[in-house]
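A.B. asks: Handing over my_file-v9.txt, compact mmCIF, C-alpha atoms.
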# COMPACT_ATOMS: atom_id res chain seq x y z
CA MET B 33 -7.89 4.73 -0.84
CA ILE B 34 -10.43 7.57 -1.06
CA LEU B 35 -8.95 9.10 2.09
CA TRP B 36 -5.46 8.99 0.57
CA ALA B 37 -6.74 10.70 -2.60
CA GLY B 38 -8.47 13.38 -0.52
CA ALA B 39 -5.26 13.99 1.41
CA SER B 40 -3.39 14.31 -1.90
CA PHE B 41 -5.85 16.97 -3.04
CA VAL B 42 -5.26 18.99 0.14
CA ILE B 43 -1.48 18.60 -0.16
CA LEU B 44 -1.48 19.84 -3.77
CA TYR B 45 -3.65 22.78 -2.81
CA TRP B 46 -1.29 23.52 0.08
CA LEU B 47 1.73 23.48 -2.26
CA THR B 48 0.07 25.84 -4.74
CA GLN B 49 -0.79 28.28 -1.96
CA THR B 50 2.65 28.05 -0.39
CA PHE B 51 4.62 28.68 -3.59
CA ASP B 52 2.05 31.02 -5.17
CA TRP B 53 1.24 28.80 -8.13
CA THR B 54 -2.03 28.80 -10.07
CA ALA B 55 -3.87 26.55 -7.66
CA TRP B 56 -6.92 25.36 -9.54
CA GLY B 57 -5.12 25.03 -12.86
CA LEU B 58 -2.60 22.61 -11.34
CA ILE B 59 -5.30 20.66 -9.49
CA VAL B 60 -7.52 20.35 -12.59
CA GLY B 61 -4.52 19.19 -14.63
CA TRP B 62 -3.70 16.62 -11.97
CA LEU B 63 -7.31 15.37 -11.98
CA LEU B 64 -7.30 15.06 -15.78
CA THR B 65 -4.27 12.77 -15.63
CA GLY B 66 -6.59 10.17 -14.08
CA LEU B 67 -8.08 9.61 -17.54
CA ILE B 68 -4.85 7.83 -18.50
CA VAL B 69 -5.37 5.35 -15.69
CA ILE B 70 -8.89 4.44 -16.85
CA TRP B 71 -7.56 3.33 -20.24
CA PRO B 72 -7.40 -0.51 -20.10
CA GLY B 73 -4.14 -0.59 -22.03
CA SER B 74 -2.39 1.20 -19.18
CA ASP B 75 -2.42 -1.89 -16.92
CA ALA B 76 1.03 -3.09 -17.96
CA LEU B 77 2.56 0.39 -17.77
CA LEU B 78 1.16 1.07 -14.31
CA ALA B 79 2.15 -2.35 -12.99
CA LYS B 80 5.71 -1.97 -14.23
CA TYR B 81 6.48 1.71 -13.61
CA LEU B 82 4.05 2.79 -10.89
CA LEU B 83 3.87 -0.37 -8.79
CA GLY B 84 7.33 -1.78 -9.58
CA LEU B 85 6.04 -5.23 -10.59
CA ARG B 86 7.41 -7.49 -13.33
CA ARG B 87 5.93 -10.12 -15.59
CA PRO B 88 6.64 -13.73 -14.58
CA THR B 89 9.14 -15.64 -16.67
CA MET B 90 8.06 -18.72 -18.63
CA VAL B 91 9.07 -21.07 -15.81
CA GLU B 92 7.40 -18.83 -13.20
CA GLY B 93 4.25 -18.71 -15.32
CA GLN B 94 4.15 -22.49 -15.50
CA ARG B 95 4.44 -22.65 -11.73
CA LEU B 96 1.78 -20.01 -11.18
CA ALA B 97 -0.82 -21.25 -13.67
CA PRO B 98 -2.17 -24.36 -11.85
CA SER B 99 -2.47 -22.56 -8.51
CA TRP B 100 -4.03 -19.47 -10.05
CA TYR B 101 -6.58 -21.46 -12.05
CA ALA B 102 -7.51 -23.43 -8.92
CA VAL B 103 -8.07 -20.21 -6.94
CA ALA B 104 -10.05 -18.58 -9.75
CA ASN B 105 -12.22 -21.70 -10.04
CA ARG B 106 -12.86 -21.66 -6.27
CA ALA B 107 -13.67 -17.92 -6.33
CA GLY B 108 -15.94 -18.25 -9.39
CA ILE B 109 -14.05 -15.81 -11.62
CA ASP B 110 -12.56 -16.03 -15.10
CA PRO B 111 -8.80 -16.57 -14.60
CA ASN B 112 -8.03 -15.11 -18.03
CA SER B 113 -9.54 -11.75 -17.05
CA TYR B 114 -6.60 -11.12 -14.72
CA THR B 115 -2.85 -11.10 -15.12
CA VAL B 116 -0.52 -12.20 -12.30
CA TRP B 117 2.65 -10.13 -11.87
CA VAL B 118 5.60 -10.73 -9.55
CA GLN B 119 6.49 -8.35 -6.74
CA ASN B 120 10.18 -8.49 -5.83
CA ALA B 121 9.63 -8.67 -2.09
CA GLU B 122 10.40 -11.07 0.75
CA THR B 123 6.93 -10.80 2.28
CA ALA B 124 4.29 -13.50 2.59
CA THR B 125 1.59 -11.68 0.62
CA GLY B 126 1.61 -8.95 -2.02
CA PHE B 127 0.17 -5.45 -1.91
CA VAL B 128 -3.14 -4.36 -3.37
CA THR B 129 -3.26 -3.42 -7.05
CA GLY B 130 -5.91 -2.01 -9.34
CA GLY B 131 -7.24 -2.81 -12.77
CA ASN B 132 -6.79 -6.44 -13.86
CA THR B 133 -3.46 -7.02 -12.13
CA ILE B 134 -2.79 -9.47 -9.29
CA SER B 135 0.56 -9.37 -7.48
CA VAL B 136 2.38 -12.29 -5.88
CA THR B 137 5.65 -11.91 -3.99
CA ARG B 138 8.89 -13.51 -5.08
CA TRP B 139 9.19 -15.20 -1.67
CA ALA B 140 5.82 -16.92 -2.08
CA LEU B 141 6.54 -17.93 -5.66
CA TYR B 142 9.88 -19.58 -4.93
CA THR B 143 9.30 -20.88 -1.40
CA LEU B 144 5.77 -22.26 -1.19
CA PRO B 145 4.41 -25.55 -2.53
CA PRO B 146 1.38 -25.34 -4.85
CA ALA B 147 -1.26 -25.74 -2.12
CA HIS B 148 0.21 -22.92 -0.04
CA LEU B 149 0.74 -20.79 -3.14
CA GLU B 150 -3.00 -21.10 -3.74
CA ALA B 151 -3.69 -19.62 -0.29
CA VAL B 152 -1.40 -16.66 -1.03
CA LEU B 153 -2.98 -16.05 -4.44
CA ALA B 154 -6.43 -16.23 -2.84
CA HIS B 155 -5.39 -13.58 -0.34
CA ASP B 156 -3.92 -11.37 -3.07
CA LEU B 157 -7.12 -11.77 -5.08
CA GLU B 158 -9.21 -10.67 -2.10
CA MET B 159 -6.93 -7.68 -1.59
CA HIS B 160 -7.46 -6.80 -5.24
CA LYS B 161 -11.24 -7.05 -4.89
CA ARG B 162 -11.12 -4.49 -2.12
CA GLY B 163 -9.41 -2.13 -4.56
CA HIS B 164 -12.64 -2.08 -6.64
CA SER B 165 -10.84 -2.69 -9.94
CA TRP B 166 -10.54 0.44 -12.09
CA PHE B 167 -11.89 2.70 -9.33
CA GLY B 168 -9.14 1.52 -7.01
CA ARG B 169 -6.58 2.07 -9.75
CA VAL B 170 -7.74 5.69 -10.23
CA MET B 171 -7.70 6.30 -6.48
CA HIS B 172 -4.22 4.79 -6.28
CA TRP B 173 -3.05 7.21 -8.95
CA TYR B 174 -4.59 10.19 -7.16
CA SER B 175 -3.10 9.09 -3.84
CA ILE B 176 0.50 9.39 -5.10
CA PRO B 177 1.17 12.87 -3.56
CA ALA B 178 0.01 11.75 -0.11
CA ARG B 179 1.97 8.51 -0.37
CA LEU B 180 5.11 10.43 -1.37
CA VAL B 181 4.74 12.63 1.69
CA SER B 182 4.24 9.51 3.80
CA LEU B 183 7.36 7.92 2.28
CA VAL B 184 9.49 11.00 2.95
CA ILE B 185 8.39 11.13 6.58
CA ARG B 186 9.09 7.43 7.07
CA LEU B 187 12.54 7.76 5.50
CA LEU B 188 13.34 10.70 7.74
CA LEU B 189 12.27 8.74 10.81
CA LYS B 190 14.43 5.80 9.71
CA LEU B 191 17.35 8.16 9.12
CA SER B 192 16.92 9.69 12.56
CA ARG B 193 17.20 6.23 14.10
CA ALA B 194 20.08 5.02 11.92
CA ILE B 195 22.12 8.27 11.97
CA PRO B 196 20.68 10.41 14.77
CA ALA B 197 22.91 13.44 14.16
CA VAL B 198 21.93 13.82 10.48
CA GLY B 199 18.33 12.66 10.75
CA CYS B 200 17.47 14.75 13.80
CA THR B 201 19.09 17.83 12.24
CA ILE B 202 17.00 17.53 9.08
CA ILE B 203 13.81 16.85 11.02
CA GLY B 204 14.54 19.79 13.34
CA PHE B 205 15.11 22.14 10.39
CA LEU B 206 11.84 21.04 8.74
CA LEU B 207 9.91 21.43 11.98
CA VAL B 208 11.27 24.95 12.49
CA ALA B 209 10.32 25.83 8.88
CA TYR B 210 6.85 24.42 9.44
CA LEU B 211 6.41 26.40 12.64
CA GLY B 212 7.42 29.53 10.75
CA LEU B 213 4.81 28.89 8.06
CA ILE B 214 2.15 28.24 10.69
CA LEU B 215 3.01 31.46 12.53
CA VAL B 216 2.80 33.42 9.27
CA ALA B 217 -0.58 31.82 8.55
CA LEU B 218 -1.83 32.64 12.04
CA VAL B 219 -0.76 36.28 11.68
CA PHE B 220 -1.99 36.98 8.15
CA TYR B 221 -5.10 34.75 7.94
CA ASP B 222 -8.27 35.24 9.95
CA SER B 223 -9.34 31.59 9.71
CA LEU B 224 -7.69 28.61 11.40
CA ALA B 225 -8.34 26.46 8.31
CA VAL B 226 -5.13 27.58 6.60
CA PRO B 227 -2.81 26.82 9.57
CA LEU B 228 -4.47 23.42 9.95
CA MET B 229 -3.93 22.79 6.24
CA PHE B 230 -0.22 23.48 6.70
CA LEU B 231 -0.10 20.80 9.38
CA LEU B 232 -1.88 18.18 7.26
CA PRO B 233 1.17 16.97 5.22
CA LEU B 234 3.02 16.32 8.47
CA PHE B 235 0.27 14.27 10.07
CA THR B 236 -1.24 12.65 6.96
CA PRO B 237 0.73 9.38 7.34
CA LEU B 238 -0.42 9.02 10.95
CA LEU B 239 -4.07 9.29 9.86
CA PHE B 240 -3.88 6.28 7.55
CA LEU B 241 -1.62 3.81 9.33
CA GLY B 242 -4.65 1.75 10.33
CA ALA B 243 -6.11 1.57 6.82
CA GLY B 244 -3.53 -0.96 5.56
CA LYS B 245 -3.95 -3.13 8.65
CA LEU B 246 -7.72 -3.21 8.25
CA MET B 247 -7.50 -4.15 4.57
CA GLU B 248 -5.03 -6.97 5.28
CA ARG B 249 -7.23 -8.41 8.01
CA LEU B 250 -10.36 -8.25 5.84
CA ALA B 251 -8.50 -10.03 3.05
CA ASP B 252 -7.29 -12.68 5.51
CA ARG B 253 -10.88 -13.30 6.60
CA ALA B 254 -12.10 -13.51 3.01
CA THR B 255 -9.32 -16.03 2.29
CA VAL B 256 -10.57 -18.13 5.22
CA ASP B 257 -14.11 -17.94 3.80
CA LEU B 258 -12.80 -19.31 0.51
CA GLY B 259 -11.49 -22.37 2.37
CA PHE B 260 -7.79 -21.48 2.45
CA GLY B 261 -7.60 -20.55 6.14
CA ARG B 262 -5.45 -23.48 7.33
CA LYS B 263 -3.04 -23.17 4.44
CA LEU B 264 -2.76 -19.41 4.96
CA LEU B 265 -1.87 -20.00 8.61
CA GLU B 266 0.84 -22.46 7.57
CA VAL B 267 2.21 -19.83 5.17
CA PHE B 268 2.39 -17.27 7.98
CA TYR B 269 4.08 -19.73 10.33
CA GLY B 270 6.57 -20.69 7.61
CA TRP B 271 7.42 -17.07 6.88
CA GLN B 272 7.77 -16.33 10.58
CA GLY B 273 10.07 -19.31 11.06
CA GLN B 274 12.35 -18.17 8.24
CA HIS B 275 12.58 -14.53 9.24
CA GLU B 276 12.36 -14.41 13.03
CA GLY B 277 16.08 -15.13 13.37
CA GLY B 278 17.15 -12.41 10.93
CA PRO B 279 17.76 -8.72 11.57
CA ARG B 280 14.82 -7.10 13.24
CA ARG B 281 13.00 -4.58 11.11
CA GLY B 282 12.17 -2.64 14.26
CA ALA B 283 15.85 -1.75 14.65
CA LEU B 284 15.49 0.77 11.82
CA GLN B 285 11.73 1.00 11.37
CA PRO B 286 9.14 0.29 14.07
CA GLU B 287 6.29 -2.06 13.21
CA TRP B 288 3.67 0.65 13.63
CA LEU B 289 5.26 2.70 10.85
CA THR B 290 4.74 0.03 8.19
CA GLY B 291 0.96 0.49 8.01
CA GLN B 292 0.53 -3.29 8.00
CA PRO B 293 -0.17 -5.76 10.80
CA SER B 294 2.69 -7.97 11.88
CA ILE B 295 2.65 -11.65 11.01
CA ALA B 296 2.00 -12.48 14.68
CA GLU B 297 -1.06 -10.24 14.69
CA ARG B 298 -2.35 -11.79 11.49
CA ILE B 299 -1.81 -15.29 12.85
CA ARG B 300 -3.80 -14.51 15.99
CA ALA B 301 -6.61 -12.89 14.02
CA VAL B 302 -6.90 -15.81 11.57
CA GLU B 303 -6.82 -18.36 14.40
CA VAL B 304 -9.59 -16.56 16.26
CA TYR B 305 -11.67 -16.29 13.08
CA LEU B 306 -11.21 -19.99 12.34
CA GLN B 307 -12.26 -20.89 15.88
CA ARG B 308 -15.41 -18.80 15.56
CA GLN B 309 -16.31 -20.63 12.39
Can you give me the file's structure in the form of structure tokens?

C.D. replies:
Amino acid sequence: MILWAGASFVILYWLTQTFDWTAWGLIVGWLLTGLIVIWPGSDALLAKYLLGLRRPTMVEGQRLAPSWYAVANRAGIDPNSYTVWVQNAETATGFVTGGNTISVTRWALYTLPPAHLEAVLAHDLEMHKRGHSWFGRVMHWYSIPARLVSLVIRLLLKLSRAIPAVGCTIIGFLLVAYLGLILVALVFYDSLAVPLMFLLPLFTPLLFLGAGKLMERLADRATVDLGFGRKLLEVFYGWQGQHEGGPRRGALQPEWLTGQPSIAERIRAVEVYLQRQ
């Protein structure tokens, strides 16, 4: 998360230099916006508008409560100090959040029995712990520029695979524009730092693809340490059985572009970790 925020800082500085804006004024203003994220009352706003989560309905809350209280009791935390939100996704586990928000996917909520739902909530709790609460929330806020650049590059790569003529044309035009900026920087600047800074937005997503995989695997291990390893494996096998016959995600987006390990990789890693224990 800190690396993403650092990349965002460089990208903003690059934009100010490229378009001749007041560099430090924009960067200081961007840094001051982090004060909004520290405010505890911003949890609901960030979860809804920044992370795209939603509050569980009354029936969903009744389904979540027993499993969540069981996980919190096992982890030794106060369950009332966190709020569980629903992520509208068909994945086995949710993404990391900051503050006092835990996310659970719609697939897990509606597909899994209570014992397996506990394993998923335990994993999501461990992912949250690795966000370091409010610090992770601030870093998530500051990482938005880098994540937007990463999203644009991923969408362009998907477009180039789905519609090669359009996608490759756009990518080619952007690459030519980038090369022009780099040549200008090489001619008019004595240092190589500026040309390298122009290249950073293009290669930033490639620098952090392994960060999401590492976090997922650490959370999987922590879930095993809490005693939910077998149930988590069954969740992964169940998800794999439901989705392996569907359309392959790799047809439009290769696995390595997602920044997350595949279910098969996570299954192997959890099985090896369980055997070692």

A.B. asks: With a distance cut-off of 9 Å and only C-alpha atoms, select the neighbouring residues of stretch 137-150 of chain B, excluding the residue or stretch itself and same-chain residues fewer than 3 positions from it, and output the selection as a PyMOL selection string.

C.D. replies: chain B and resi 92+95-96+98-100+102-103+117-127+153-155+260+263-264+266-267+270-271

A.B. asks: Given the selection you just returned, output its residues as a file containing C-alpha atoms, formatted as a PDB file, keeping the file's coordinate frame.

C.D. replies:
ATOM      1  CA  GLU B  92       7.400 -18.830 -13.200  1.00  0.00           C
ATOM      2  CA  ARG B  95       4.440 -22.650 -11.730  1.00  0.00           C
ATOM      3  CA  LEU B  96       1.780 -20.010 -11.180  1.00  0.00           C
ATOM      4  CA  PRO B  98      -2.170 -24.360 -11.850  1.00  0.00           C
ATOM      5  CA  SER B  99      -2.470 -22.560  -8.510  1.00  0.00           C
ATOM      6  CA  TRP B 100      -4.030 -19.470 -10.050  1.00  0.00           C
ATOM      7  CA  ALA B 102      -7.510 -23.430  -8.920  1.00  0.00           C
ATOM      8  CA  VAL B 103      -8.070 -20.210  -6.940  1.00  0.00           C
ATOM      9  CA  TRP B 117       2.650 -10.130 -11.870  1.00  0.00           C
ATOM     10  CA  VAL B 118       5.600 -10.730  -9.550  1.00  0.00           C
ATOM     11  CA  GLN B 119       6.490  -8.350  -6.740  1.00  0.00           C
ATOM     12  CA  ASN B 120      10.180  -8.490  -5.830  1.00  0.00           C
ATOM     13  CA  ALA B 121       9.630  -8.670  -2.090  1.00  0.00           C
ATOM     14  CA  GLU B 122      10.400 -11.070   0.750  1.00  0.00           C
ATOM     15  CA  THR B 123       6.930 -10.800   2.280  1.00  0.00           C
ATOM     16  CA  ALA B 124       4.290 -13.500   2.590  1.00  0.00           C
ATOM     17  CA  THR B 125       1.590 -11.680   0.620  1.00  0.00           C
ATOM     18  CA  GLY B 126       1.610  -8.950  -2.020  1.00  0.00           C
ATOM     19  CA  PHE B 127       0.170  -5.450  -1.910  1.00  0.00           C
ATOM     20  CA  LEU B 153      -2.980 -16.050  -4.440  1.00  0.00           C
ATOM     21  CA  ALA B 154      -6.430 -16.230  -2.840  1.00  0.00           C
ATOM     22  CA  HIS B 155      -5.390 -13.580  -0.340  1.00  0.00           C
ATOM     23  CA  PHE B 260      -7.790 -21.480   2.450  1.00  0.00           C
ATOM     24  CA  LYS B 263      -3.040 -23.170   4.440  1.00  0.00           C
ATOM     25  CA  LEU B 264      -2.760 -19.410   4.960  1.00  0.00           C
ATOM     26  CA  GLU B 266       0.840 -22.460   7.570  1.00  0.00           C
ATOM     27  CA  VAL B 267       2.210 -19.830   5.170  1.00  0.00           C
ATOM     28  CA  GLY B 270       6.570 -20.690   7.610  1.00  0.00           C
ATOM     29  CA  TRP B 271       7.420 -17.070   6.880  1.00  0.00           C
TER      30      TRP B 271
END

A.B. asks: Which polymer residues, whether protein, DNA or RNA, lie within 6 Å of the coordinate (-5.6, -14.2, 7.4) when you count all atoms listed in the file? List them as a list in words, using the chain letters and numbers from the file.

C.D. replies: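 Using all atoms listed in the file, the matching residues come out as Asp252, Arg253, Arg298 and Val302 of chain B.
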
A.B. asks: Just how far from atom CA of B:Ala178 is atom CA of B:Val152, in Å to one decimal?

C.D. replies: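 Calculated distance between atom CA of B:Val152 and atom CA of B:Ala178 is 28.5 Å.
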
A.B. asks: Which of these residues is nearest to B:His275, using all atoms listed in the file: B:Val116, B:Thr255, B:Ser175, B:Ile295?

C.D. replies: B:Ile295

A.B. asks: What is the distance between atom CA of B:Tyr305 and atom CA of B:Arg262, in Å to one decimal?

C.D. replies: 11.1 Å

A.B. asks: Could you please determine the separation between atom CA of B:Glu297 and atom CA of B:Lys245 in Å, to one decimal place?

C.D. replies: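 Result for atom CA of B:Glu297 versus atom CA of B:Lys245: 9.8 Å, one decimal.
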
A.B. asks: Got a sec: who's within 8 Å of stretch 199-212 of chain B, counting all atoms listed in the file, leaving out chain neighbours fewer than 4 positions off, as a list of chain:residue names?

C.D. replies: B:Leu188, B:Leu189, B:Lys190, B:Leu191, B:Ser192, B:Arg193, B:Ala194, B:Ile195, B:Val216, B:Phe230, B:Leu231

A.B. asks: If I put a ball of radius 12 Å at (5.4, -1.9, -12.5) in the file's coordinates, which residues poke into it when counting only C-alpha atoms, written as a ChimeraX atom specification?

C.D. replies: /B:74-87,116-120,129-130,133-135

A.B. asks: Find the spatial neighbours of B:Gln307, counting only C-alpha atoms, within a cut-off of 12 Å - ignore same-chain residues fewer than 3 positions away - and output them as a VMD selection string.

C.D. replies: chain B and resid 256 261 to 262 300 to 304
